[in-house]
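So this one's input-v4.txt, compact mmCIF, C-alpha atoms:
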```txt
# COMPACT_ATOMS: atom_id res chain seq x y z
CA MET A 1 -35.11 -60.94 19.01
CA LYS A 2 -37.15 -63.54 17.14
CA TYR A 3 -36.43 -64.90 13.70
CA GLN A 4 -38.57 -66.81 11.28
CA GLU A 5 -37.43 -70.22 10.06
CA ASN A 6 -35.88 -68.67 6.95
CA ASN A 7 -33.94 -66.22 9.19
CA ASP A 8 -35.84 -63.23 7.87
CA ILE A 9 -36.38 -60.58 10.51
CA GLU A 10 -39.81 -60.51 12.14
CA ILE A 11 -41.33 -57.10 12.84
CA GLY A 12 -44.63 -58.29 14.30
CA ASN A 13 -47.21 -55.52 14.65
CA TRP A 14 -46.06 -52.44 12.76
CA LYS A 15 -45.65 -49.38 14.98
CA LEU A 16 -45.07 -45.70 14.27
CA ALA A 17 -42.03 -45.82 16.58
CA ASP A 18 -40.15 -48.96 17.56
CA VAL A 19 -36.71 -50.22 18.52
CA ARG A 20 -34.86 -53.56 18.52
CA ASN A 21 -31.96 -54.24 20.88
CA LEU A 22 -29.71 -56.66 19.01
CA GLU A 23 -26.95 -59.05 19.98
CA TYR A 24 -25.89 -59.38 16.35
CA ILE A 25 -27.10 -58.49 12.89
CA LEU A 26 -26.28 -60.39 9.71
CA PRO A 27 -25.67 -58.49 6.43
CA PHE A 28 -28.92 -59.61 4.78
CA GLN A 29 -30.85 -58.77 7.96
CA LEU A 30 -29.52 -55.21 7.82
CA ASP A 31 -30.77 -55.06 4.22
CA GLN A 32 -34.23 -56.16 5.38
CA TYR A 33 -34.42 -53.65 8.22
CA LEU A 34 -33.42 -50.82 5.91
CA GLN A 35 -36.00 -51.83 3.30
CA MET A 36 -38.72 -51.59 5.98
CA GLY A 37 -37.84 -48.06 7.08
CA TRP A 38 -35.56 -48.88 10.02
CA PHE A 39 -32.12 -47.41 10.79
CA ARG A 40 -29.22 -47.71 13.18
CA MET A 41 -29.15 -45.92 16.55
CA GLY A 42 -26.11 -46.93 18.59
CA GLN A 43 -26.24 -50.73 18.73
CA THR A 44 -29.96 -50.91 17.98
CA MET A 45 -32.21 -50.67 14.93
CA PHE A 46 -35.11 -48.26 15.28
CA THR A 47 -37.83 -46.56 13.32
CA THR A 48 -39.87 -43.42 13.84
CA ASN A 49 -42.19 -41.34 11.71
CA PHE A 50 -42.18 -38.12 13.71
CA LEU A 51 -39.75 -35.65 15.25
CA ILE A 52 -40.11 -32.58 17.45
CA PHE A 53 -38.15 -29.36 16.96
CA ASN A 54 -38.99 -26.37 19.17
CA ASN A 55 -42.24 -28.02 20.34
CA GLU A 56 -43.40 -28.46 16.74
CA GLN A 57 -44.02 -31.88 15.24
CA PHE A 58 -42.55 -32.87 11.87
CA ASN A 59 -42.65 -35.94 9.64
CA ALA A 60 -39.58 -38.13 9.31
CA LEU A 61 -39.47 -39.72 5.86
CA TRP A 62 -36.89 -42.47 5.34
CA LEU A 63 -34.89 -42.16 2.12
CA ARG A 64 -33.32 -44.69 -0.25
CA ILE A 65 -30.93 -43.95 -3.12
CA ASP A 66 -30.92 -46.37 -6.04
CA LEU A 67 -27.21 -46.60 -6.82
CA GLU A 68 -27.74 -48.10 -10.26
CA LYS A 69 -29.66 -44.97 -11.30
CA PHE A 70 -27.32 -42.46 -9.67
CA GLU A 71 -25.40 -40.13 -11.98
CA LEU A 72 -23.07 -37.27 -11.08
CA THR A 73 -24.35 -33.75 -11.65
CA PRO A 74 -22.11 -30.98 -13.04
CA SER A 75 -21.84 -29.38 -9.58
CA GLN A 76 -20.84 -32.72 -8.05
CA LYS A 77 -18.16 -33.21 -10.68
CA LYS A 78 -16.91 -29.74 -9.81
CA LEU A 79 -16.84 -30.63 -6.10
CA LEU A 80 -14.83 -33.80 -6.82
CA LYS A 81 -12.34 -31.81 -8.89
CA GLN A 82 -12.06 -29.10 -6.25
CA ASN A 83 -11.24 -31.62 -3.52
CA SER A 84 -8.96 -33.86 -5.60
CA ARG A 85 -6.01 -32.25 -3.78
CA PHE A 86 -6.95 -34.28 -0.67
CA ASP A 87 -6.01 -37.91 -0.05
CA LEU A 88 -8.84 -40.41 0.47
CA LYS A 89 -8.86 -43.83 2.16
CA VAL A 90 -11.63 -46.31 2.91
CA THR A 91 -10.88 -48.36 6.03
CA SER A 92 -12.58 -51.07 8.07
CA GLY A 93 -13.83 -48.65 10.67
CA GLN A 94 -11.50 -48.47 13.67
CA ILE A 95 -11.96 -45.47 15.98
CA ASP A 96 -8.70 -43.86 17.11
CA TYR A 97 -7.62 -40.67 18.84
CA GLN A 98 -7.36 -38.77 15.52
CA LYS A 99 -11.00 -39.43 14.75
CA GLU A 100 -12.07 -38.54 18.27
CA ASP A 101 -10.10 -35.26 18.08
CA LEU A 102 -11.75 -34.51 14.73
CA TYR A 103 -15.18 -35.35 16.16
CA TYR A 104 -14.55 -32.98 19.10
CA LYS A 105 -13.67 -30.09 16.74
CA TYR A 106 -16.77 -30.78 14.67
CA ARG A 107 -19.01 -31.11 17.73
CA GLU A 108 -17.79 -27.80 19.17
CA SER A 109 -18.69 -26.00 15.95
CA LEU A 110 -22.36 -27.07 16.02
CA SER A 111 -25.27 -25.03 17.36
CA PHE A 112 -27.04 -28.18 18.61
CA SER A 113 -26.03 -31.10 20.83
CA ILE A 114 -24.77 -34.47 19.61
CA ALA A 115 -23.19 -37.47 21.35
CA PRO A 116 -20.13 -36.64 23.51
CA SER A 117 -17.79 -38.82 21.44
CA LEU A 118 -17.69 -40.77 18.19
CA GLN A 119 -17.36 -43.99 20.17
CA ASN A 120 -20.47 -43.15 22.19
CA LEU A 121 -22.44 -42.20 19.07
CA LEU A 122 -21.67 -45.51 17.38
CA THR A 123 -21.69 -48.00 20.24
CA GLY A 124 -23.34 -46.29 23.21
CA ASN A 125 -22.58 -48.29 26.34
CA SER A 126 -21.76 -51.47 24.42
CA LEU A 127 -18.25 -52.91 24.31
CA PHE A 128 -18.74 -54.32 20.82
CA ASP A 129 -19.93 -53.01 17.48
CA ILE A 130 -22.33 -55.47 15.83
CA PHE A 131 -22.35 -53.54 12.52
CA ASP A 132 -19.95 -54.01 9.63
CA SER A 133 -18.73 -50.43 9.28
CA ARG A 134 -16.51 -48.60 6.83
CA HIS A 135 -14.84 -45.22 7.29
CA ILE A 136 -14.08 -42.81 4.47
CA GLU A 137 -11.09 -40.79 5.67
CA ILE A 138 -9.98 -37.53 4.05
CA TYR A 139 -6.42 -36.24 4.63
CA ASP A 140 -4.65 -32.98 3.86
CA ASN A 141 -0.87 -33.44 3.92
CA GLY A 142 -1.22 -36.36 6.31
CA SER A 143 -3.69 -34.67 8.69
CA LEU A 144 -7.19 -36.14 9.06
CA ILE A 145 -9.68 -33.43 8.11
CA ALA A 146 -12.89 -35.43 7.56
CA CYS A 147 -14.37 -38.85 8.24
CA GLY A 148 -17.63 -40.47 7.14
CA VAL A 149 -19.04 -43.66 8.67
CA PHE A 150 -21.38 -46.10 6.92
CA ASP A 151 -22.49 -49.71 7.56
CA VAL A 152 -22.75 -52.34 4.84
CA GLY A 153 -25.10 -55.28 4.36
CA ASP A 154 -25.24 -57.64 1.39
CA ILE A 155 -26.70 -55.21 -1.14
CA SER A 156 -27.37 -52.08 0.96
CA ALA A 157 -25.60 -49.61 3.18
CA GLN A 158 -26.67 -46.99 5.72
CA GLY A 159 -24.88 -43.69 6.15
CA ILE A 160 -24.38 -43.00 9.86
CA VAL A 161 -22.35 -39.83 10.38
CA SER A 162 -19.96 -37.47 8.65
CA VAL A 163 -17.64 -35.11 10.54
CA PHE A 164 -15.06 -32.62 9.35
CA ASP A 165 -12.65 -29.97 10.60
CA PRO A 166 -14.54 -26.64 10.70
CA ALA A 167 -11.42 -24.91 9.37
CA TYR A 168 -12.15 -26.65 6.02
CA ARG A 169 -15.80 -25.62 5.83
CA LYS A 170 -15.38 -23.88 2.47
CA PHE A 171 -14.59 -27.26 0.84
CA SER A 172 -18.13 -28.63 1.54
CA LEU A 173 -16.65 -31.74 3.11
CA GLY A 174 -20.03 -32.93 4.44
CA LYS A 175 -21.40 -33.14 0.89
CA TYR A 176 -18.07 -34.49 -0.33
CA LEU A 177 -18.18 -37.38 2.16
CA PHE A 178 -21.82 -38.10 1.29
CA LEU A 179 -20.86 -38.24 -2.38
CA GLN A 180 -17.82 -40.43 -1.75
CA LYS A 181 -19.97 -42.94 0.14
CA ILE A 182 -22.29 -43.19 -2.86
CA LEU A 183 -19.41 -43.57 -5.32
CA PHE A 184 -17.67 -46.24 -3.23
CA LEU A 185 -20.85 -48.28 -2.85
CA LYS A 186 -21.79 -47.95 -6.52
CA ALA A 187 -18.28 -49.01 -7.61
CA ASN A 188 -18.43 -52.05 -5.34
CA GLY A 189 -21.74 -53.37 -6.62
CA TYR A 190 -24.12 -52.30 -3.84
CA LYS A 191 -27.68 -51.58 -4.91
CA TYR A 192 -29.04 -49.14 -2.34
CA PHE A 193 -27.75 -46.42 -0.04
CA PHE A 194 -29.94 -45.31 2.88
CA PRO A 195 -28.95 -41.83 4.13
CA GLY A 196 -31.48 -41.66 6.98
CA TYR A 197 -34.54 -39.47 7.11
CA TYR A 198 -35.68 -36.29 5.39
CA VAL A 199 -37.89 -33.82 7.29
CA PRO A 200 -40.30 -31.84 5.07
CA GLY A 201 -40.47 -28.24 6.23
CA TYR A 202 -37.23 -28.40 8.24
CA GLY A 203 -34.34 -27.27 6.05
CA GLN A 204 -31.51 -28.88 8.02
CA PHE A 205 -32.10 -32.18 6.17
CA ASP A 206 -32.69 -30.83 2.65
CA TYR A 207 -29.13 -31.61 1.56
CA LYS A 208 -30.00 -35.31 1.46
CA LEU A 209 -32.38 -34.67 -1.42
CA ASP A 210 -29.97 -32.40 -3.26
CA MET A 211 -27.34 -35.14 -3.53
CA ALA A 212 -29.35 -37.61 -5.63
CA LYS A 213 -32.73 -36.14 -6.61
CA GLU A 214 -33.42 -38.37 -9.60
CA SER A 215 -32.51 -41.64 -7.86
CA THR A 216 -34.02 -41.03 -4.40
CA THR A 217 -37.23 -42.63 -3.14
CA PHE A 218 -39.05 -42.30 0.19
CA PHE A 219 -40.75 -44.93 2.33
CA ASP A 220 -44.54 -44.71 2.57
CA PHE A 221 -44.79 -46.20 6.05
CA GLY A 222 -48.56 -46.63 6.00
CA LYS A 223 -48.53 -48.65 2.76
CA LYS A 224 -45.06 -50.13 3.34
CA ASN A 225 -43.56 -49.35 -0.06
CA TRP A 226 -40.97 -47.05 -1.65
CA LEU A 227 -42.14 -44.20 -3.89
CA PRO A 228 -40.37 -41.58 -6.05
CA MET A 229 -39.87 -38.17 -4.47
CA ASN A 230 -41.70 -36.35 -7.26
CA ILE A 231 -45.06 -37.78 -6.15
CA LEU A 232 -44.65 -36.88 -2.46
CA ALA A 233 -48.00 -35.57 -1.18
CA ASP A 234 -49.69 -34.97 2.17
CA LYS A 235 -51.24 -38.45 2.09
CA HIS A 236 -47.71 -39.95 2.16
CA GLN A 237 -46.73 -37.97 5.25
CA PRO A 238 -48.20 -39.70 8.31
CA LEU A 239 -48.37 -36.57 10.45
CA ARG A 240 -50.23 -34.49 7.87
CA TYR A 241 -52.46 -37.40 6.92
CA ILE A 242 -53.42 -38.17 10.52
CA GLN A 243 -53.96 -34.48 11.27
CA ALA A 244 -56.23 -33.99 8.25
CA LYS A 245 -58.27 -37.08 9.10
CA LEU A 246 -58.73 -36.12 12.76
CA GLN A 247 -59.56 -32.49 11.93
CA SER A 248 -62.25 -33.61 9.50
CA LEU A 249 -63.68 -36.01 12.07
CA SER A 250 -63.59 -33.35 14.79
CA HIS A 251 -65.53 -30.95 12.57
CA LEU A 252 -68.16 -33.60 11.84
CA LEU A 253 -68.48 -34.42 15.54
CA LEU A 254 -68.93 -30.74 16.34
CA LEU A 255 -71.75 -30.51 13.79
CA ASN A 256 -73.39 -33.31 15.76
CA GLY A 257 -72.98 -31.49 19.08
CA PHE A 258 -69.92 -33.41 20.24
CA LYS A 259 -66.86 -31.29 21.08
CA THR A 260 -63.31 -32.71 21.01
CA GLN A 261 -59.77 -31.33 21.29
CA LEU A 262 -57.05 -32.18 18.79
CA LEU A 263 -53.93 -32.60 20.93
CA GLN A 264 -50.30 -33.33 20.21
CA TYR A 265 -49.09 -36.30 22.24
CA ASN A 266 -45.63 -35.50 23.60
CA PHE A 267 -44.56 -39.09 24.20
CA PHE A 268 -45.16 -40.71 20.81
CA ASP A 269 -41.56 -42.00 20.69
CA ILE A 270 -41.02 -42.82 24.38
CA CYS A 271 -40.72 -46.51 23.46
CA LEU A 272 -37.34 -45.71 21.86
CA VAL A 273 -35.98 -45.15 25.37
CA ASN A 274 -34.71 -48.49 26.68
CA SER A 275 -36.36 -48.20 30.10
CA TYR A 276 -39.79 -47.82 28.44
CA ALA A 277 -39.31 -50.07 25.38
CA ASP A 278 -41.13 -53.12 26.79
CA TYR A 279 -44.31 -51.39 28.04
CA GLY A 280 -46.08 -51.12 24.68
CA LEU A 281 -46.87 -47.45 25.17
CA LEU A 282 -48.98 -45.40 22.77
CA ASP A 283 -47.01 -44.18 19.72
CA VAL A 284 -49.44 -41.79 17.98
CA PRO A 285 -48.46 -38.12 17.51
CA LEU A 286 -52.02 -36.73 17.65
CA PHE A 287 -55.39 -37.71 19.02
CA LEU A 288 -58.84 -36.31 19.69
CA TYR A 289 -59.44 -35.84 23.40
CA CYS A 290 -63.02 -36.79 24.31
CA PHE A 291 -63.69 -37.29 28.01
CA PRO A 292 -61.25 -35.35 30.22
CA ASN A 293 -62.72 -36.27 33.61
CA SER A 294 -61.65 -39.90 34.04
CA ARG A 295 -58.96 -40.44 36.70
CA GLN A 296 -57.81 -43.94 35.84
CA GLN A 297 -58.09 -43.97 32.04
CA GLU A 298 -58.36 -41.74 28.99
CA ALA A 299 -60.94 -42.16 26.22
CA ILE A 300 -59.49 -40.84 22.96
CA ILE A 301 -59.89 -41.11 19.20
CA VAL A 302 -56.87 -42.04 17.10
CA PHE A 303 -56.37 -42.66 13.38
CA ASN A 304 -54.52 -45.82 12.34
CA ILE A 305 -52.51 -45.21 9.13
CA PHE A 306 -51.92 -48.93 8.60
CA THR A 307 -55.62 -49.79 8.41
CA ASP A 308 -57.00 -46.35 7.44
CA GLN A 309 -59.43 -46.54 10.35
CA PHE A 310 -60.63 -44.21 13.07
CA GLN A 311 -60.45 -45.92 16.45
CA PHE A 312 -62.23 -45.06 19.68
CA VAL A 313 -59.90 -46.41 22.36
CA ILE A 314 -59.41 -46.56 26.09
CA CYS A 315 -55.89 -45.97 27.40
CA ASN A 316 -54.40 -46.65 30.80
CA LYS A 317 -52.10 -44.11 32.47
CA PRO A 318 -49.18 -46.18 33.82
CA PHE A 319 -46.73 -43.27 34.24
CA GLN A 320 -47.30 -39.69 35.36
CA SER A 321 -45.22 -36.96 33.74
CA ASN A 322 -43.54 -33.98 35.37
CA ILE A 323 -43.39 -32.08 32.09
CA GLU A 324 -45.24 -28.77 32.10
CA GLU A 325 -48.18 -29.07 29.75
CA ILE A 326 -48.72 -26.33 27.19
CA SER A 327 -51.84 -25.51 25.20
CA GLY A 328 -52.61 -27.97 22.41
CA HIS A 329 -50.46 -30.73 23.94
CA TYR A 330 -51.12 -33.77 26.12
CA ALA A 331 -48.26 -34.34 28.56
CA LYS A 332 -49.93 -35.32 31.84
CA PHE A 333 -49.36 -39.06 31.53
CA LEU A 334 -47.70 -41.67 29.36
CA LEU A 335 -50.53 -43.68 27.84
CA LYS A 336 -50.90 -47.37 27.09
CA LEU A 337 -53.61 -48.75 24.83
CA ASP A 338 -56.03 -50.90 26.82
CA THR A 339 -59.10 -51.48 24.62
CA ILE A 340 -60.29 -50.61 21.14
CA ILE A 341 -64.00 -49.96 21.73
CA PHE A 342 -64.78 -49.81 18.02
CA GLN A 343 -63.21 -48.71 14.73
CA HIS A 344 -64.34 -47.72 11.26
CA ASN A 345 -62.85 -46.25 8.08
CA ASP A 346 -65.97 -44.19 7.30
CA GLU A 347 -66.07 -41.04 9.43
CA THR A 348 -69.86 -40.62 9.15
CA LEU A 349 -70.52 -44.16 10.40
CA PHE A 350 -67.86 -43.68 13.08
CA VAL A 351 -69.61 -40.54 14.36
CA GLU A 352 -72.99 -42.28 14.40
CA ARG A 353 -71.56 -45.16 16.44
CA LEU A 354 -69.81 -42.84 18.90
CA ILE A 355 -72.98 -40.84 19.50
CA GLU A 356 -74.88 -44.07 20.12
CA ILE A 357 -72.33 -45.06 22.79
CA VAL A 358 -72.44 -41.63 24.46
CA LYS A 359 -76.23 -41.62 24.61
CA SER A 360 -76.53 -45.20 25.88
```
Produce structure tokens that represent the structure in this file.
Amino acid sequence: MKYQENNDIEIGNWKLADVRNLEYILPFQLDQYLQMGWFRMGQTMFTTNFLIFNNEQFNALWLRIDLEKFELTPSQKKLLKQNSRFDLKVTSGQIDYQKEDLYYKYRESLSFSIAPSLQNLLTGNSLFDIFDSRHIEIYDNGSLIACGVFDVGDISAQGIVSVFDPAYRKFSLGKYLFLQKILFLKANGYKYFFPGYYVPGYGQFDYKLDMAKESTTFFDFGKKNWLPMNILADKHQPLRYIQAKLQSLSHLLLLNGFKTQLLQYNFFDICLVNSYADYGLLDVPLFLYCFPNSRQQEAIIVFNIFTDQFQFVICNKPFQSNIEEISGHYAKFLLKLDTIIFQHNDETLFVERLIEIVKS
């Protein structure tokens, strides 16, 4: 990892999906990563803008809670009162057999797969934890019934995981832990809490908005700034924005006698896998497929949300896939950008230039 002379982190070229393998991370560096829409994954920091559930693509919008603006709602006050019978401790974050047993109970109650152990979720294959973690532990008569993990920087914190005994489901311990993290951080002078991403249109993540609606902002990755949730629109969601731009361009091309296919690219986040991280593979979720007959390369049209430009590009095919391709998807090869033939932010001028190239 490279650092600038002032020890600020250096992102380099912004990507839609990226990962940093770290040997250490200082508190203020964690603050900086979080402010730029990055988050912890094991012993790495990563970012992504897109997720796939049941072969359908969704946006991943990173959230930030302004702790100075946060105020308890009546329902949250009721939840705190309801669970006041339990004992609460905040510890330095050691993993022991009680927490692993609790994690196992929680994991077995889920309808989807998560890491095999709490230790594996937090540290992966590493022997050391580079993050400064805290654990909120909830006890009922001396028995551990819930645990929430979060990492702290200088002025920010990221919420990593919350687990609870399924036998206590009626006490809403997931929300209770989320709330206790916020209250602890606010009481101790932290400015921001980053709870991870929200996925518009996929209800499993809606609870993150319900906890702090008035003080939550989202990261506009294309413009690199934080915006209030009440102005969230399609233009702030990279997937919808890219899709709308490419559909409009495809329609204009068709009017000019040039047919393209709008395809989902299955490997937009392959660079998050360590064995592929250093290849600089393509990270776009969608592209227009133009010339399907080339054996060595693919000619495609992508839309760059950072520059607001259409790009006609040539990609190499360094890895072949064994995934069965379904209609509307591209899964034959992993692609790597080779050359940007030309680019333009005006779709009419882009179409004119593309037609010139095809006819020449």
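Residues surrounding Leu51 (chain A) within 12 Å are Leu16, Ala17, Thr47, Thr48, Asn54, Asn55, Glu56, Gln57, Phe58, Asn59, Ala60, Leu61, Tyr197, Tyr198, Val199, Pro200, Gly201, Tyr202, Pro238, Leu239, Gln264, Tyr265, Asn266, Phe267, Phe268, Asp269, Ile270, Val284 and Pro285 of chain A [only C-alpha atoms; sequence separation below 3 positions excluded].
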Q | Distance query Gln296 (chain A) at most 12 Å, only C-alpha atoms, self and fewer than 6 positions along chain excluded, as a count of residues only | A | 11
Q.
Considering all atoms listed in the file, can you say which of A:Pro116, A:Gly328, A:Gly124, A:Gly189 comes closest to Ile155 (chain A)?
A.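 Closest residue, counting all atoms listed in the file: A:Gly189.
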Q | Selected residue, from A:Ile341, A:Ala244, A:Ile136, A:Leu288, that lies nearest to Gln261 (chain A) when counting all atoms listed in the file | A |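 Of A:Ile341, A:Ala244, A:Ile136, A:Leu288, the one nearest Gln261 (chain A) is A:Leu288, counting all atoms listed in the file.
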(Q) At a cut-off of 9 Å around the point (-27.6, -40.7, -11.6) (file coordinates), what residues fall inside when counting all atoms listed in the file? I'd like the answer as a ChimeraX atom specification. (A) /A:66-73,212-215
Q.
When you count all atoms listed in the file, which of these residues is closest to Val152 (chain A): A:Asp206, A:Asp308, A:Asp132, A:Asp18?
A. A:Asp132
**Q.** Point-to-point distance from CA of Leu337 (chain A) to CA of Gly42 (chain A), Å rounded to tenths
**A.**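 Pair CA of Leu337 (chain A) / CA of Gly42 (chain A) returns 28.3 Å.
Neighbouring residues of Leu246 (chain A) at 8 Å or closer, counting all atoms listed in the file and skipping chain neighbours under 4 positions away, are Ile242, Ser250, Leu262, Phe287, Leu288, Val302 and Phe303 of chain A.
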Q.
So the first atom is CA of Leu179 (chain A) and the second is CA of Gly196 (chain A); what is the distance between them in Å, to one decimal place?
A. 14.6 Å
**Q.** Proximity to Phe128 (chain A) - best of A:Glu23, A:Glu324, A:Asp278, A:Asp220, all atoms listed in the file
**A.**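 Among the listed residues, A:Glu23 lies closest to Phe128 (chain A).
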Q. Which of these residues is nearest to Phe46 (chain A), using all atoms listed in the file: A:Ala187, A:Val273, A:Lys181, A:Cys290?
A. A:Val273
